[in-house]
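For reference, my_file.pdb (PDB, C-alpha atoms and all ligand atoms):
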MODEL        1
ATOM      1  CA  THR U 141       0.000   0.000   0.000
ATOM      2  CA  VAL U 142       1.119   3.514  -0.778
ATOM      3  CA  LYS U 143       0.080   6.212   1.669
ATOM      4  CA  HIS U 144       0.480   9.953   1.687
ATOM      5  CA  SER U 145      -0.516  11.955   4.715
ATOM      6  CA  PHE U 146      -0.341  15.735   4.940
ATOM      7  CA  PHE U 147      -2.196  18.953   5.686
ATOM      8  CA  LEU U 148      -4.131  21.299   3.429
ATOM      9  CA  ASN U 149      -4.031  24.832   4.772
ATOM     10  CA  ASP U 150      -7.024  26.208   2.928
ATOM     11  CA  GLU U 151      -9.627  25.514   0.284
ATOM     12  CA  THR U 152      -7.263  26.521  -2.509
ATOM     13  CA  GLN U 153      -4.783  23.840  -1.472
ATOM     14  CA  THR U 154      -7.539  21.250  -1.470
ATOM     15  CA  GLN U 155      -8.402  22.250  -5.019
ATOM     16  CA  GLN U 156      -4.724  22.163  -6.001
ATOM     17  CA  LEU U 157      -4.476  18.656  -4.626
ATOM     18  CA  ALA U 158      -7.499  17.680  -6.722
ATOM     19  CA  ALA U 159      -5.972  19.194  -9.860
ATOM     20  CA  THR U 160      -2.669  17.430  -9.223
ATOM     21  CA  LEU U 161      -4.363  14.063  -8.815
ATOM     22  CA  ALA U 162      -6.526  14.623 -11.884
ATOM     23  CA  GLN U 163      -3.357  14.977 -13.968
ATOM     24  CA  ILE U 164      -1.869  11.606 -13.048
ATOM     25  CA  LEU U 165      -4.785   9.236 -13.615
ATOM     26  CA  HIS U 166      -3.846   7.506 -16.850
ATOM     27  CA  VAL U 167      -5.999   4.396 -16.633
ATOM     28  CA  PRO U 168      -9.293   3.523 -18.340
ATOM     29  CA  LEU U 169     -11.258   3.254 -15.110
ATOM     30  CA  VAL U 170     -10.430   4.686 -11.722
ATOM     31  CA  THR U 171     -12.533   4.836  -8.583
ATOM     32  CA  ILE U 172     -11.793   7.290  -5.793
ATOM     33  CA  HIS U 173     -13.633   7.034  -2.502
ATOM     34  CA  LEU U 174     -13.940  10.298  -0.578
ATOM     35  CA  GLU U 175     -14.397   9.937   3.150
ATOM     36  CA  GLY U 176     -14.782  12.521   5.873
ATOM     37  CA  ASP U 177     -17.377  14.284   7.990
ATOM     38  CA  LEU U 178     -19.857  16.828   6.686
ATOM     39  CA  GLY U 179     -17.905  19.938   5.764
ATOM     40  CA  ALA U 180     -14.562  18.149   5.591
ATOM     41  CA  GLY U 181     -14.145  19.170   1.960
ATOM     42  CA  LYS U 182     -15.182  16.196  -0.195
ATOM     43  CA  THR U 183     -17.327  18.293  -2.524
ATOM     44  CA  THR U 184     -14.724  21.055  -2.590
ATOM     45  CA  PHE U 185     -12.177  18.463  -3.692
ATOM     46  CA  SER U 186     -14.526  17.100  -6.360
ATOM     47  CA  ARG U 187     -15.294  20.588  -7.628
ATOM     48  CA  GLY U 188     -11.575  21.346  -7.939
ATOM     49  CA  PHE U 189     -11.015  18.042  -9.703
ATOM     50  CA  ILE U 190     -13.783  18.549 -12.255
ATOM     51  CA  GLN U 191     -13.003  22.209 -12.901
ATOM     52  CA  SER U 192      -9.301  21.488 -13.335
ATOM     53  CA  LEU U 193     -10.226  19.223 -16.235
ATOM     54  CA  GLY U 194     -11.948  22.083 -18.003
ATOM     55  CA  HIS U 195     -15.513  22.164 -16.717
ATOM     56  CA  LYS U 196     -16.714  25.759 -16.840
ATOM     57  CA  GLY U 197     -20.123  25.664 -15.172
ATOM     58  CA  HIS U 198     -21.156  24.921 -11.633
ATOM     59  CA  VAL U 199     -20.290  21.713  -9.886
ATOM     60  CA  LYS U 200     -23.235  21.222  -7.615
ATOM     61  CA  SER U 201     -23.277  18.762  -4.811
ATOM     62  CA  PRO U 202     -25.203  15.660  -5.947
ATOM     63  CA  THR U 203     -26.874  15.385  -2.560
ATOM     64  CA  TYR U 204     -30.348  14.887  -4.008
ATOM     65  CA  THR U 205     -29.571  13.511  -7.451
ATOM     66  CA  LEU U 206     -27.012  11.079  -5.943
ATOM     67  CA  VAL U 207     -24.874  11.341  -9.064
ATOM     68  CA  GLU U 208     -23.879  14.074 -11.516
ATOM     69  CA  PRO U 209     -22.170  13.101 -14.761
ATOM     70  CA  TYR U 210     -19.599  15.229 -16.597
ATOM     71  CA  GLU U 211     -18.139  14.690 -20.025
ATOM     72  CA  LEU U 212     -14.826  16.460 -20.496
ATOM     73  CA  GLY U 213     -12.808  15.601 -23.562
ATOM     74  CA  ASN U 214     -12.341  11.842 -23.490
ATOM     75  CA  LYS U 215     -13.149  11.683 -19.797
ATOM     76  CA  ARG U 216     -16.452  10.744 -18.238
ATOM     77  CA  ILE U 217     -16.614  11.701 -14.605
ATOM     78  CA  PHE U 218     -19.362  10.519 -12.298
ATOM     79  CA  HIS U 219     -19.555  12.476  -9.068
ATOM     80  CA  PHE U 220     -21.572  10.592  -6.475
ATOM     81  CA  ASP U 221     -22.828  11.685  -3.093
ATOM     82  CA  LEU U 222     -24.447   8.694  -1.451
ATOM     83  CA  TYR U 223     -25.312  10.401   1.833
ATOM     84  CA  ARG U 224     -29.032  10.042   1.131
ATOM     85  CA  LEU U 225     -28.910   6.590  -0.390
ATOM     86  CA  ALA U 226     -31.432   4.480   1.496
ATOM     87  CA  ALA U 227     -30.068   1.084   0.500
ATOM     88  CA  ALA U 228     -27.045   0.006  -1.484
ATOM     89  CA  GLU U 229     -29.327  -1.901  -3.851
ATOM     90  CA  GLU U 230     -30.694   1.428  -5.092
ATOM     91  CA  LEU U 231     -27.384   1.843  -6.867
ATOM     92  CA  GLU U 232     -28.142  -1.140  -9.069
ATOM     93  CA  MET U 233     -31.420   0.467 -10.072
ATOM     94  CA  MET U 234     -29.564   3.663 -10.931
ATOM     95  CA  GLY U 235     -27.622   1.638 -13.474
ATOM     96  CA  MET U 236     -24.397   1.490 -11.529
ATOM     97  CA  ARG U 237     -23.029  -1.141 -13.852
ATOM     98  CA  ASP U 238     -23.320   1.124 -16.886
ATOM     99  CA  TYR U 239     -21.142   3.708 -15.192
ATOM    100  CA  LEU U 240     -18.347   1.189 -15.006
ATOM    101  CA  THR U 241     -18.201   0.408 -18.683
ATOM    102  CA  PRO U 242     -15.762   2.700 -20.476
ATOM    103  CA  MET U 243     -16.587   3.389 -24.121
ATOM    104  CA  HIS U 244     -13.613   3.006 -26.430
ATOM    105  CA  ASN U 245     -11.040   5.738 -26.022
ATOM    106  CA  GLN U 246     -12.873   7.023 -23.005
ATOM    107  CA  GLN U 247     -11.685   7.209 -19.471
ATOM    108  CA  VAL U 248     -14.156   6.739 -16.647
ATOM    109  CA  ILE U 249     -13.490   8.379 -13.287
ATOM    110  CA  LEU U 250     -15.743   7.804 -10.294
ATOM    111  CA  LEU U 251     -15.573  10.261  -7.402
ATOM    112  CA  ILE U 252     -17.701   8.874  -4.589
ATOM    113  CA  GLU U 253     -18.672  10.769  -1.440
ATOM    114  CA  TRP U 254     -20.072   8.643   1.410
ATOM    115  CA  PRO U 255     -19.024   5.322  -0.171
ATOM    116  CA  SER U 256     -19.956   3.472   3.030
ATOM    117  CA  LYS U 257     -23.626   3.875   2.047
ATOM    118  CA  GLY U 258     -23.057   1.816  -1.081
ATOM    119  CA  GLU U 259     -21.051  -0.955   0.448
ATOM    120  CA  GLY U 260     -21.527  -4.283  -1.299
ATOM    121  CA  VAL U 261     -22.661  -2.725  -4.570
ATOM    122  CA  LEU U 262     -20.000  -0.119  -5.226
ATOM    123  CA  PRO U 263     -16.805  -1.104  -6.975
ATOM    124  CA  SER U 264     -13.893  -1.304  -4.588
ATOM    125  CA  PRO U 265     -11.780   1.825  -4.796
ATOM    126  CA  ASP U 266      -8.374   2.271  -6.337
ATOM    127  CA  ILE U 267      -7.713   5.228  -4.089
ATOM    128  CA  LEU U 268      -9.135   6.197  -0.735
ATOM    129  CA  LEU U 269      -8.967   9.875   0.196
ATOM    130  CA  LYS U 270      -9.853  10.730   3.788
ATOM    131  CA  LEU U 271     -10.320  14.332   4.799
ATOM    132  CA  SER U 272     -10.621  15.504   8.367
ATOM    133  CA  HIS U 273     -10.799  18.787  10.198
ATOM    134  CA  SER U 274      -7.564  19.432  11.997
ATOM    135  CA  ASP U 275      -7.864  20.065  15.676
ATOM    136  CA  SER U 276      -6.568  23.592  15.882
ATOM    137  CA  ILE U 277      -9.357  26.123  16.432
ATOM    138  CA  ASN U 278      -6.946  28.833  15.291
ATOM    139  CA  GLU U 279      -6.854  27.301  11.812
ATOM    140  CA  PRO U 280     -10.457  26.569  10.828
ATOM    141  CA  ASN U 281      -9.527  26.070   7.181
ATOM    142  CA  ARG U 282      -6.884  23.478   7.809
ATOM    143  CA  ARG U 283      -7.644  19.910   6.834
ATOM    144  CA  HIS U 284      -5.730  16.681   7.163
ATOM    145  CA  VAL U 285      -5.701  14.377   4.178
ATOM    146  CA  LEU U 286      -4.787  10.738   3.924
ATOM    147  CA  LEU U 287      -4.395   9.223   0.483
ATOM    148  CA  GLU U 288      -4.185   5.465   0.441
ATOM    149  CA  SER U 289      -3.972   3.001  -2.435
ATOM    150  CA  GLN U 290      -6.537   0.219  -2.382
ATOM    151  CA  SER U 291      -5.636  -1.647  -5.587
ATOM    152  CA  PRO U 292      -2.592  -2.246  -7.796
ATOM    153  CA  ILE U 293      -3.804   0.569 -10.077
ATOM    154  CA  GLY U 294      -4.139   2.891  -7.102
ATOM    155  CA  GLU U 295      -0.684   1.862  -5.975
ATOM    156  CA  SER U 296       0.916   2.789  -9.274
ATOM    157  CA  ILE U 297      -0.951   6.104  -9.368
ATOM    158  CA  LEU U 298      -0.025   7.085  -5.828
ATOM    159  CA  GLY U 299       3.499   5.795  -6.315
ATOM    160  CA  ALA U 300       3.959   8.588  -8.848
ATOM    161  CA  PHE U 301       2.145  11.202  -6.771
ATOM    162  CA  GLN U 302       3.902  14.253  -5.382
ATOM    163  CA  PHE U 303       2.371  17.327  -3.796
TER
HETATM  164  P1  LIG H 401     -18.233  17.896   2.294
HETATM  165  O1  LIG H 401     -18.569  17.626   0.857
HETATM  166  O2  LIG H 401     -17.104  17.054   2.808
HETATM  167  O3  LIG H 401     -19.427  17.832   3.201
HETATM  168  P2  LIG H 401     -17.817  20.622   1.397
HETATM  169  O4  LIG H 401     -16.696  20.569   0.427
HETATM  170  O5  LIG H 401     -19.198  20.720   0.864
HETATM  171  O6  LIG H 401     -17.678  19.382   2.414
HETATM  172  O7  LIG H 401     -17.616  21.844   2.391
HETATM  173  C1  LIG H 401     -16.374  22.181   2.921
HETATM  174  C2  LIG H 401     -16.497  23.576   3.495
HETATM  175  O8  LIG H 401     -15.324  23.903   4.218
HETATM  176  C3  LIG H 401     -16.664  24.628   2.418
HETATM  177  O9  LIG H 401     -17.513  25.628   2.894
HETATM  178  C4  LIG H 401     -15.242  25.161   2.237
HETATM  179  O10 LIG H 401     -15.237  26.495   1.806
HETATM  180  C5  LIG H 401     -14.707  25.045   3.648
HETATM  181  N1  LIG H 401     -13.263  24.836   3.722
HETATM  182  C6  LIG H 401     -12.431  25.534   4.514
HETATM  183  N2  LIG H 401     -11.187  25.098   4.420
HETATM  184  C7  LIG H 401     -11.193  24.082   3.528
HETATM  185  C8  LIG H 401     -10.180  23.228   3.023
HETATM  186  N3  LIG H 401      -8.879  23.309   3.401
HETATM  187  N4  LIG H 401     -10.556  22.281   2.125
HETATM  188  C9  LIG H 401     -11.832  22.179   1.749
HETATM  189  N5  LIG H 401     -12.839  22.953   2.190
HETATM  190  C10 LIG H 401     -12.525  23.908   3.086
HETATM  191 MG    MG H 402     -20.327  16.860  -0.063
ENDMDL
END

Could you write out this structure as structure tokens?
Amino acid sequence: TVKHSFFLNDETQTQQLAATLAQILHVPLVTIHLEGDLGAGKTTFSRGFIQSLGHKGHVKSPTYTLVEPYELGNKRIFHFDLYRLAAAEELEMMGMRDYLTPMHNQQVILLIEWPSKGEGVLPSPDILLKLSHSDSINEPNRRHVLLESQSPIGESILGAFQF
């Protein structure tokens, strides 16, 4: 397993991390699980990720829609927020399997907030990203991040990661 553990001092750094990661994913299908409490920065990370790849409009939190798709060049990004998912089986009805089938010459990237709600149905992640508030009340915008590989693909990606 490859692990990287460090601090993000503000929202901009979280978005820079997202942009950096987005640049080093050169595989047909990659799944990133985003863990952390409400307000930890999962959506902020996803927004930075999607915008860094050229998306111009809003990146809204898929709290009610559960998933928002983006098509950027040859990349298809599915941004999930499973906080309100009642049962993991709902994911099958949403056509989860279709999301996992890359078209030719396309790359599929899954960014999944609250993956624990989809346990058993979700694909296992390549990369786990855990965000947490740091303890210092003097630095409310500071977050801790742990990046951990969860598959051989994730290991090769994070092996080449520098921030
Ligand atoms: P989540 O999706 O994990 O519930 P959000 O990304 O929606 O969290 O919200 C994070 C909030 O914290 C935003 O209001 C953002 O502006 C703020 N924030 C402050 N510092 C950071 C940071 N370092 N990284 C990410 N968000 C931060
Ligand atoms: Mg969120």

Of the candidates U:Leu251, U:Leu212, U:Met236, U:Leu222, which one gets nearest to Ile267 of chain U if we count only C-alpha atoms?
U:Leu251

Since I can't run it myself right now, could you work out what the PyMOL selection byres (((not hetatm)) within 7 of (chain H and resi 402)) selects here and report it as JSON, numbers by chain?
{"U": [178, 181, 182, 183, 201, 221, 253]}

When the PyMOL selection byres (((not hetatm)) within 12 of (chain H and resi 401)) is applied to the structure above, which residues does it catch, written out as an MDAnalysis selection string?
chainID U and resid 146:158 173:189 199:203 219:223 251:254 269:274 279:285

Find the residue from U:Ile172, U:Ser276, U:Lys215, U:Ser291 that sits nearest to Pro242 of chain U; use all atoms listed in the file when measuring.
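Smallest distance to Pro242 of chain U is found for U:Lys215.
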
Rank nothing, just name the residue among U:Ile297, U:Ile277, U:Leu268, U:Leu165 nearest to Ser145 of chain U, using all atoms listed in the file.
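Closest candidate: U:Leu268.
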
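Closest to Arg237 of chain U among U:Thr171, U:Ala159, U:Val261, U:Asp275 is U:Val261, based on all atoms listed in the file.
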
Result set of the PyMOL selection byres (((chain U and resi 247) around 8) and not hetatm) on the coordinates above, as a PyMOL selection string
chain U and resi 167-169+214-216+242-243+245-246+248-249

Could you save the residues just selected, with C-alpha atoms, as an mmCIF file, keeping the file's coordinate frame?
data_model
loop_
_atom_site.group_PDB
_atom_site.id
_atom_site.type_symbol
_atom_site.label_atom_id
_atom_site.label_comp_id
_atom_site.auth_asym_id
_atom_site.auth_seq_id
_atom_site.Cartn_x
_atom_site.Cartn_y
_atom_site.Cartn_z
ATOM 1 C CA VAL U 167 -5.999 4.396 -16.633
ATOM 2 C CA PRO U 168 -9.293 3.523 -18.340
ATOM 3 C CA LEU U 169 -11.258 3.254 -15.110
ATOM 4 C CA ASN U 214 -12.341 11.842 -23.490
ATOM 5 C CA LYS U 215 -13.149 11.683 -19.797
ATOM 6 C CA ARG U 216 -16.452 10.744 -18.238
ATOM 7 C CA PRO U 242 -15.762 2.700 -20.476
ATOM 8 C CA MET U 243 -16.587 3.389 -24.121
ATOM 9 C CA ASN U 245 -11.040 5.738 -26.022
ATOM 10 C CA GLN U 246 -12.873 7.023 -23.005
ATOM 11 C CA VAL U 248 -14.156 6.739 -16.647
ATOM 12 C CA ILE U 249 -13.490 8.379 -13.287
#
